[in-house]
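Structure file work_35.cif (mmCIF, N, CA and C atoms) is printed below.
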data_final
loop_
_atom_site.label_atom_id
_atom_site.label_comp_id
_atom_site.auth_asym_id
_atom_site.auth_seq_id
_atom_site.Cartn_x
_atom_site.Cartn_y
_atom_site.Cartn_z
N MET A 1 93.89 27.62 -73.61
CA MET A 1 94.89 26.59 -73.36
C MET A 1 94.38 25.60 -72.32
N ARG A 2 93.64 26.14 -71.37
CA ARG A 2 93.11 25.29 -70.31
C ARG A 2 92.10 24.28 -70.88
N ASN A 3 91.31 24.72 -71.85
CA ASN A 3 90.33 23.82 -72.48
C ASN A 3 91.02 22.69 -73.23
N VAL A 4 92.15 23.01 -73.88
CA VAL A 4 92.89 21.99 -74.61
C VAL A 4 93.42 20.94 -73.65
N LEU A 5 93.95 21.36 -72.51
CA LEU A 5 94.46 20.40 -71.52
C LEU A 5 93.34 19.55 -70.94
N THR A 6 92.19 20.14 -70.75
CA THR A 6 91.05 19.38 -70.23
C THR A 6 90.62 18.32 -71.23
N ILE A 7 90.53 18.70 -72.50
CA ILE A 7 90.15 17.74 -73.53
C ILE A 7 91.22 16.64 -73.67
N PHE A 8 92.48 17.03 -73.63
CA PHE A 8 93.56 16.04 -73.72
C PHE A 8 93.50 15.05 -72.56
N LYS A 9 93.29 15.57 -71.34
CA LYS A 9 93.22 14.68 -70.16
C LYS A 9 92.04 13.72 -70.28
N LYS A 10 90.91 14.22 -70.74
CA LYS A 10 89.72 13.36 -70.90
C LYS A 10 89.97 12.25 -71.92
N GLU A 11 90.54 12.61 -73.07
CA GLU A 11 90.82 11.61 -74.11
C GLU A 11 91.91 10.63 -73.66
N TRP A 12 92.91 11.11 -73.00
CA TRP A 12 93.99 10.24 -72.52
C TRP A 12 93.47 9.23 -71.51
N ASP A 13 92.60 9.68 -70.60
CA ASP A 13 91.99 8.76 -69.63
C ASP A 13 91.16 7.70 -70.34
N ARG A 14 90.44 8.10 -71.40
CA ARG A 14 89.63 7.15 -72.15
C ARG A 14 90.52 6.10 -72.84
N VAL A 15 91.66 6.51 -73.37
CA VAL A 15 92.58 5.59 -74.04
C VAL A 15 93.20 4.64 -73.02
N ILE A 16 93.64 5.14 -71.91
CA ILE A 16 94.31 4.31 -70.89
C ILE A 16 93.35 3.29 -70.28
N LYS A 17 92.10 3.66 -70.08
CA LYS A 17 91.15 2.76 -69.43
C LYS A 17 90.65 1.65 -70.36
N ASP A 18 90.68 1.86 -71.65
CA ASP A 18 90.22 0.85 -72.60
C ASP A 18 91.42 0.03 -73.07
N LYS A 19 91.44 -1.27 -72.76
CA LYS A 19 92.59 -2.13 -73.08
C LYS A 19 92.76 -2.31 -74.58
N ARG A 20 91.68 -2.35 -75.32
CA ARG A 20 91.80 -2.48 -76.78
C ARG A 20 92.47 -1.24 -77.38
N LEU A 21 92.13 -0.08 -76.88
CA LEU A 21 92.76 1.14 -77.39
C LEU A 21 94.24 1.20 -77.02
N VAL A 22 94.59 0.74 -75.81
CA VAL A 22 96.00 0.72 -75.41
C VAL A 22 96.78 -0.18 -76.37
N PHE A 23 96.21 -1.33 -76.67
CA PHE A 23 96.89 -2.25 -77.59
C PHE A 23 97.00 -1.66 -79.00
N SER A 24 95.89 -1.12 -79.52
CA SER A 24 95.90 -0.66 -80.91
C SER A 24 96.62 0.68 -81.10
N VAL A 25 96.68 1.51 -80.07
CA VAL A 25 97.33 2.82 -80.21
C VAL A 25 98.79 2.78 -79.81
N MET A 26 99.15 2.00 -78.80
CA MET A 26 100.52 2.04 -78.29
C MET A 26 101.35 0.81 -78.66
N LEU A 27 100.81 -0.36 -78.51
CA LEU A 27 101.60 -1.57 -78.72
C LEU A 27 101.62 -2.04 -80.17
N LEU A 28 100.50 -1.99 -80.85
CA LEU A 28 100.40 -2.52 -82.20
C LEU A 28 101.31 -1.81 -83.20
N PRO A 29 101.41 -0.47 -83.21
CA PRO A 29 102.32 0.16 -84.17
C PRO A 29 103.79 -0.24 -83.97
N GLY A 30 104.24 -0.30 -82.73
CA GLY A 30 105.62 -0.73 -82.47
C GLY A 30 105.85 -2.18 -82.87
N LEU A 31 104.88 -3.02 -82.59
CA LEU A 31 104.98 -4.42 -82.96
C LEU A 31 104.99 -4.60 -84.47
N MET A 32 104.16 -3.86 -85.18
CA MET A 32 104.11 -3.96 -86.64
C MET A 32 105.42 -3.46 -87.27
N ILE A 33 105.98 -2.39 -86.74
CA ILE A 33 107.26 -1.90 -87.26
C ILE A 33 108.35 -2.94 -87.05
N PHE A 34 108.38 -3.55 -85.88
CA PHE A 34 109.39 -4.58 -85.59
C PHE A 34 109.24 -5.77 -86.54
N ILE A 35 108.03 -6.25 -86.72
CA ILE A 35 107.79 -7.40 -87.59
C ILE A 35 108.13 -7.06 -89.04
N LEU A 36 107.71 -5.90 -89.50
CA LEU A 36 107.96 -5.50 -90.88
C LEU A 36 109.46 -5.38 -91.17
N TYR A 37 110.19 -4.69 -90.29
CA TYR A 37 111.62 -4.53 -90.51
C TYR A 37 112.38 -5.84 -90.33
N SER A 38 111.92 -6.72 -89.47
CA SER A 38 112.56 -8.02 -89.35
C SER A 38 112.39 -8.82 -90.64
N PHE A 39 111.20 -8.78 -91.21
CA PHE A 39 110.94 -9.48 -92.46
C PHE A 39 111.78 -8.91 -93.60
N ILE A 40 111.82 -7.60 -93.72
CA ILE A 40 112.61 -6.96 -94.77
C ILE A 40 114.09 -7.27 -94.59
N GLY A 41 114.58 -7.21 -93.37
CA GLY A 41 115.98 -7.51 -93.11
C GLY A 41 116.36 -8.93 -93.46
N SER A 42 115.51 -9.88 -93.12
CA SER A 42 115.83 -11.27 -93.46
C SER A 42 115.72 -11.52 -94.96
N ALA A 43 114.80 -10.85 -95.63
CA ALA A 43 114.66 -11.02 -97.08
C ALA A 43 115.86 -10.44 -97.82
N ILE A 44 116.31 -9.27 -97.40
CA ILE A 44 117.47 -8.66 -98.05
C ILE A 44 118.74 -9.41 -97.70
N GLY A 45 118.84 -9.88 -96.48
CA GLY A 45 120.02 -10.63 -96.07
C GLY A 45 120.19 -11.93 -96.83
N SER A 46 119.10 -12.54 -97.23
CA SER A 46 119.21 -13.80 -97.97
C SER A 46 119.61 -13.57 -99.42
N LEU A 47 119.50 -12.34 -99.91
CA LEU A 47 119.90 -12.04 -101.29
C LEU A 47 121.42 -12.05 -101.45
N TYR A 48 122.12 -11.67 -100.41
CA TYR A 48 123.56 -11.53 -100.49
C TYR A 48 124.23 -12.68 -99.74
N VAL A 49 124.77 -13.60 -100.52
CA VAL A 49 125.41 -14.78 -99.96
C VAL A 49 126.88 -14.75 -100.40
N ASP A 50 127.78 -15.02 -99.47
CA ASP A 50 129.19 -15.08 -99.83
C ASP A 50 129.44 -16.29 -100.71
N LEU A 51 130.08 -16.06 -101.83
CA LEU A 51 130.38 -17.13 -102.75
C LEU A 51 131.87 -17.35 -102.84
N ASP A 52 132.27 -18.58 -103.00
CA ASP A 52 133.67 -18.90 -103.28
C ASP A 52 133.80 -18.96 -104.79
N GLU A 53 134.40 -17.94 -105.35
CA GLU A 53 134.54 -17.86 -106.80
C GLU A 53 135.87 -18.48 -107.21
N ARG A 54 135.84 -19.31 -108.22
CA ARG A 54 137.05 -19.91 -108.77
C ARG A 54 137.12 -19.56 -110.24
N ILE A 55 138.24 -18.95 -110.63
CA ILE A 55 138.40 -18.47 -112.00
C ILE A 55 139.67 -19.06 -112.59
N ALA A 56 139.58 -19.60 -113.77
CA ALA A 56 140.74 -20.11 -114.50
C ALA A 56 141.06 -19.12 -115.62
N ILE A 57 142.37 -18.81 -115.78
CA ILE A 57 142.79 -17.81 -116.75
C ILE A 57 143.83 -18.42 -117.68
N VAL A 58 143.66 -18.19 -118.98
CA VAL A 58 144.60 -18.69 -120.00
C VAL A 58 145.23 -17.49 -120.69
N ASN A 59 146.56 -17.53 -120.86
CA ASN A 59 147.32 -16.47 -121.56
C ASN A 59 147.08 -15.09 -120.95
N ALA A 60 147.08 -14.99 -119.66
CA ALA A 60 146.80 -13.71 -119.01
C ALA A 60 147.97 -12.75 -119.19
N PRO A 61 147.71 -11.51 -119.62
CA PRO A 61 148.77 -10.51 -119.72
C PRO A 61 149.28 -10.13 -118.33
N ALA A 62 150.51 -9.68 -118.27
CA ALA A 62 151.12 -9.34 -116.98
C ALA A 62 150.34 -8.22 -116.28
N SER A 63 149.85 -7.26 -117.04
CA SER A 63 149.09 -6.16 -116.43
C SER A 63 147.79 -6.67 -115.81
N PHE A 64 147.16 -7.64 -116.45
CA PHE A 64 145.93 -8.21 -115.91
C PHE A 64 146.21 -8.99 -114.62
N VAL A 65 147.29 -9.75 -114.62
CA VAL A 65 147.65 -10.52 -113.42
C VAL A 65 147.94 -9.58 -112.25
N THR A 66 148.60 -8.47 -112.53
CA THR A 66 148.88 -7.48 -111.48
C THR A 66 147.57 -6.90 -110.93
N MET A 67 146.64 -6.59 -111.82
CA MET A 67 145.36 -6.05 -111.39
C MET A 67 144.59 -7.08 -110.55
N VAL A 68 144.61 -8.32 -110.96
CA VAL A 68 143.91 -9.37 -110.22
C VAL A 68 144.54 -9.58 -108.85
N ASP A 69 145.87 -9.57 -108.79
CA ASP A 69 146.54 -9.73 -107.50
C ASP A 69 146.19 -8.59 -106.55
N THR A 70 146.06 -7.39 -107.08
CA THR A 70 145.67 -6.25 -106.25
C THR A 70 144.24 -6.40 -105.76
N ALA A 71 143.37 -6.85 -106.62
CA ALA A 71 141.96 -7.03 -106.24
C ALA A 71 141.77 -8.21 -105.30
N MET A 72 142.68 -9.17 -105.31
CA MET A 72 142.55 -10.38 -104.49
C MET A 72 142.75 -10.11 -103.00
N ASP A 73 143.27 -8.96 -102.63
CA ASP A 73 143.53 -8.68 -101.22
C ASP A 73 142.25 -8.77 -100.38
N ASP A 74 141.15 -8.22 -100.88
CA ASP A 74 139.90 -8.20 -100.13
C ASP A 74 138.91 -9.27 -100.57
N ALA A 75 139.07 -9.79 -101.75
CA ALA A 75 138.07 -10.70 -102.32
C ALA A 75 138.22 -12.11 -101.77
N GLU A 76 137.12 -12.83 -101.85
CA GLU A 76 137.11 -14.22 -101.40
C GLU A 76 137.00 -15.15 -102.60
N TRP A 77 137.84 -14.95 -103.58
CA TRP A 77 137.85 -15.80 -104.74
C TRP A 77 139.27 -16.12 -105.09
N GLU A 78 139.44 -17.19 -105.82
CA GLU A 78 140.77 -17.62 -106.21
C GLU A 78 140.85 -17.73 -107.72
N TYR A 79 142.05 -17.57 -108.23
CA TYR A 79 142.25 -17.73 -109.66
C TYR A 79 143.46 -18.62 -109.89
N LEU A 80 143.50 -19.20 -111.07
CA LEU A 80 144.57 -20.12 -111.43
C LEU A 80 144.91 -19.89 -112.89
N GLU A 81 146.19 -19.70 -113.16
CA GLU A 81 146.63 -19.56 -114.55
C GLU A 81 146.87 -20.96 -115.10
N ILE A 82 146.21 -21.25 -116.21
CA ILE A 82 146.32 -22.59 -116.81
C ILE A 82 146.86 -22.47 -118.23
N THR A 83 147.20 -23.61 -118.80
CA THR A 83 147.73 -23.64 -120.17
C THR A 83 146.61 -23.88 -121.17
N ASP A 84 146.93 -23.72 -122.45
CA ASP A 84 145.94 -23.95 -123.50
C ASP A 84 145.46 -25.40 -123.54
N GLN A 85 146.32 -26.33 -123.14
CA GLN A 85 145.96 -27.75 -123.21
C GLN A 85 144.89 -28.13 -122.18
N SER A 86 144.80 -27.41 -121.08
CA SER A 86 143.85 -27.80 -120.03
C SER A 86 142.53 -27.01 -120.10
N VAL A 87 142.28 -26.31 -121.19
CA VAL A 87 141.04 -25.54 -121.33
C VAL A 87 139.83 -26.47 -121.31
N SER A 88 139.88 -27.55 -122.05
CA SER A 88 138.73 -28.45 -122.09
C SER A 88 138.45 -29.07 -120.72
N GLU A 89 139.49 -29.34 -119.96
CA GLU A 89 139.32 -29.89 -118.61
C GLU A 89 138.58 -28.88 -117.72
N TYR A 90 138.95 -27.62 -117.81
CA TYR A 90 138.29 -26.61 -116.97
C TYR A 90 136.90 -26.25 -117.49
N MET A 91 136.66 -26.40 -118.79
CA MET A 91 135.30 -26.23 -119.29
C MET A 91 134.38 -27.31 -118.72
N GLN A 92 134.92 -28.51 -118.58
CA GLN A 92 134.16 -29.60 -117.96
C GLN A 92 133.88 -29.28 -116.49
N LYS A 93 134.88 -28.70 -115.80
CA LYS A 93 134.68 -28.33 -114.40
C LYS A 93 133.63 -27.24 -114.26
N ILE A 94 133.56 -26.34 -115.23
CA ILE A 94 132.53 -25.31 -115.20
C ILE A 94 131.16 -25.93 -115.39
N ASP A 95 131.06 -26.89 -116.30
CA ASP A 95 129.78 -27.58 -116.50
C ASP A 95 129.33 -28.32 -115.25
N GLU A 96 130.28 -28.81 -114.48
CA GLU A 96 129.96 -29.55 -113.25
C GLU A 96 129.87 -28.62 -112.05
N ALA A 97 129.96 -27.31 -112.26
CA ALA A 97 129.83 -26.28 -111.22
C ALA A 97 130.96 -26.33 -110.19
N GLU A 98 132.11 -26.85 -110.55
CA GLU A 98 133.27 -26.80 -109.66
C GLU A 98 133.99 -25.46 -109.80
N TRP A 99 133.99 -24.92 -111.02
CA TRP A 99 134.62 -23.63 -111.30
C TRP A 99 133.55 -22.73 -111.89
N GLU A 100 133.71 -21.41 -111.71
CA GLU A 100 132.69 -20.48 -112.15
C GLU A 100 133.01 -19.78 -113.47
N LEU A 101 134.30 -19.58 -113.78
CA LEU A 101 134.62 -18.76 -114.93
C LEU A 101 135.92 -19.21 -115.56
N LEU A 102 135.99 -19.09 -116.88
CA LEU A 102 137.21 -19.38 -117.63
C LEU A 102 137.48 -18.19 -118.54
N LEU A 103 138.58 -17.51 -118.31
CA LEU A 103 138.98 -16.36 -119.13
C LEU A 103 140.08 -16.82 -120.08
N VAL A 104 139.85 -16.68 -121.37
CA VAL A 104 140.84 -17.07 -122.37
C VAL A 104 141.23 -15.82 -123.15
N PHE A 105 142.48 -15.41 -122.96
CA PHE A 105 143.02 -14.27 -123.70
C PHE A 105 143.75 -14.79 -124.94
N PRO A 106 143.69 -14.06 -126.04
CA PRO A 106 144.50 -14.45 -127.20
C PRO A 106 145.98 -14.34 -126.84
N SER A 107 146.81 -15.14 -127.48
CA SER A 107 148.23 -15.14 -127.12
C SER A 107 148.90 -13.80 -127.41
N ASP A 108 148.41 -13.05 -128.38
CA ASP A 108 148.99 -11.74 -128.71
C ASP A 108 148.11 -10.59 -128.21
N PHE A 109 147.48 -10.77 -127.08
CA PHE A 109 146.52 -9.79 -126.57
C PHE A 109 147.16 -8.43 -126.31
N GLU A 110 148.28 -8.41 -125.61
CA GLU A 110 148.91 -7.13 -125.25
C GLU A 110 149.36 -6.36 -126.49
N THR A 111 149.93 -7.04 -127.46
CA THR A 111 150.38 -6.31 -128.66
C THR A 111 149.19 -5.84 -129.49
N SER A 112 148.15 -6.64 -129.59
CA SER A 112 147.00 -6.22 -130.39
C SER A 112 146.26 -5.05 -129.74
N VAL A 113 146.24 -5.00 -128.43
CA VAL A 113 145.58 -3.89 -127.75
C VAL A 113 146.43 -2.64 -127.81
N SER A 114 147.73 -2.77 -127.64
CA SER A 114 148.59 -1.59 -127.67
C SER A 114 148.70 -1.00 -129.06
N ASP A 115 148.54 -1.81 -130.13
CA ASP A 115 148.61 -1.32 -131.49
C ASP A 115 147.32 -0.62 -131.91
N ALA A 116 146.21 -1.01 -131.34
CA ALA A 116 144.93 -0.45 -131.75
C ALA A 116 144.71 0.91 -131.10
N GLU A 117 143.96 1.76 -131.79
CA GLU A 117 143.66 3.07 -131.22
C GLU A 117 142.62 2.95 -130.12
N LYS A 118 141.60 2.12 -130.35
CA LYS A 118 140.56 1.90 -129.35
C LYS A 118 140.48 0.42 -129.07
N PRO A 119 140.78 0.01 -127.85
CA PRO A 119 140.71 -1.42 -127.55
C PRO A 119 139.28 -1.92 -127.52
#
Starting from the file, give its structure as structure tokens.
Amino acid sequence: MRNVLTIFKKEWDRVIKDKRLVFSVMLLPGLMIFILYSFIGSAIGSLYVDLDERIAIVNAPASFVTMVDTAMDDAEWEYLEITDQSVSEYMQKIDEAEWELLLVFPSDFETSVSDAEKP
């Protein structure tokens, strides 16, 4: 055990006295970890951007509106129920990137789904 401590002390003194070894053994690994994780963090952070989502809905069933209202508590998007006559207007807004989505339900959606065995 005494020989191990002697060898350790000799090597430690050699590392401490050489400035290049101090930099490459002690400072460089910590610096590289900091730089690498900073780069990864900024790259991943730029992937997730908060978006203002605007959705227009036509002929929405009552159950769907209830589900959307429940989901709207935490979300940062808005929806608007529109009529069949204004569909072309909102399609134009989607083309101009003012709105993101247009959901058009058939007028008999609830009855057709409830009558079918598999929706």
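As for atom C of Ala71 in chain A and CA of Val113 in chain A, they are spaced 23.2 Å apart.
If you look at atom C of Leu80 in chain A and atom C of Val58 in chain A, they are 8.2 Å away from each other.
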What box, with edges along x, y and z, holds each listed atom of range 22-32 of chain A when 6 Å is added on every side, and can you state its centre and edge lengths in Å to one decimal, as AutoDock Vina command-line options?
--center_x 100.2 --center_y -0.9 --center_z -81.3 --size_x 23.3 --size_y 19.4 --size_z 23.9
Taking the DSSP assignment computed from this structure's backbone, write out as a ChimeraX atom specification all residues of range 24-66 of chain A that belong to strand (DSSP E). /A:53-58
Taking only chain A into account, list the residues labelled helix (DSSP H, G or I) by DSSP (computed from the backbone), as number ranges by chain. A: 2-17, 19-47, 62-71, 84-95, 109-115
Could you check which of A:Ser42, A:Asn3, A:Thr70, A:Asn59 is closest to Gln85 in chain A, using only C-alpha atoms?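 Closest candidate: A:Asn59.
Interatomic distance, atom N of Arg54 in chain A to atom C of Thr111 in chain A: 28.5 Å.
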Choose the residue, out of A:Leu27, A:Glu98, A:Phe109, A:Met91, that has the smallest atom-to-atom separation from Pro61 in chain A; count all atoms listed in the file. A:Phe109
Hits from the PyMOL selection byres ((chain A and resi 79) around 6.5), listed as a list of chain:residue names: A:Glu53, A:Arg54, A:Ile55, A:Ala56, A:Ile57, A:Trp77, A:Glu78, A:Leu80, A:Glu81
Neighbours of Ser88 in chain A within 12 Å (only C-alpha atoms; same-chain residues fewer than 6 positions away dropped), as number ranges by chain? A: 56, 58, 82, 94-95, 102, 104
Go ahead and write the residues just picked, N, CA and C atoms, as an mmCIF file, in the frame of the given file.
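Result file follows (part.cif):
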data_model
loop_
_atom_site.group_PDB
_atom_site.id
_atom_site.type_symbol
_atom_site.label_atom_id
_atom_site.label_comp_id
_atom_site.auth_asym_id
_atom_site.auth_seq_id
_atom_site.Cartn_x
_atom_site.Cartn_y
_atom_site.Cartn_z
ATOM 1 N N ALA A 56 139.580 -19.600 -113.770
ATOM 2 C CA ALA A 56 140.740 -20.110 -114.500
ATOM 3 C C ALA A 56 141.060 -19.120 -115.620
ATOM 4 N N VAL A 58 143.660 -18.190 -118.980
ATOM 5 C CA VAL A 58 144.600 -18.690 -120.000
ATOM 6 C C VAL A 58 145.230 -17.490 -120.690
ATOM 7 N N ILE A 82 146.210 -21.250 -116.210
ATOM 8 C CA ILE A 82 146.320 -22.590 -116.810
ATOM 9 C C ILE A 82 146.860 -22.470 -118.230
ATOM 10 N N ILE A 94 133.560 -26.340 -115.230
ATOM 11 C CA ILE A 94 132.530 -25.310 -115.200
ATOM 12 C C ILE A 94 131.160 -25.930 -115.390
ATOM 13 N N ASP A 95 131.060 -26.890 -116.300
ATOM 14 C CA ASP A 95 129.780 -27.580 -116.500
ATOM 15 C C ASP A 95 129.330 -28.320 -115.250
ATOM 16 N N LEU A 102 135.990 -19.090 -116.880
ATOM 17 C CA LEU A 102 137.210 -19.380 -117.630
ATOM 18 C C LEU A 102 137.480 -18.190 -118.540
ATOM 19 N N VAL A 104 139.850 -16.680 -121.370
ATOM 20 C CA VAL A 104 140.840 -17.070 -122.370
ATOM 21 C C VAL A 104 141.230 -15.820 -123.150
#
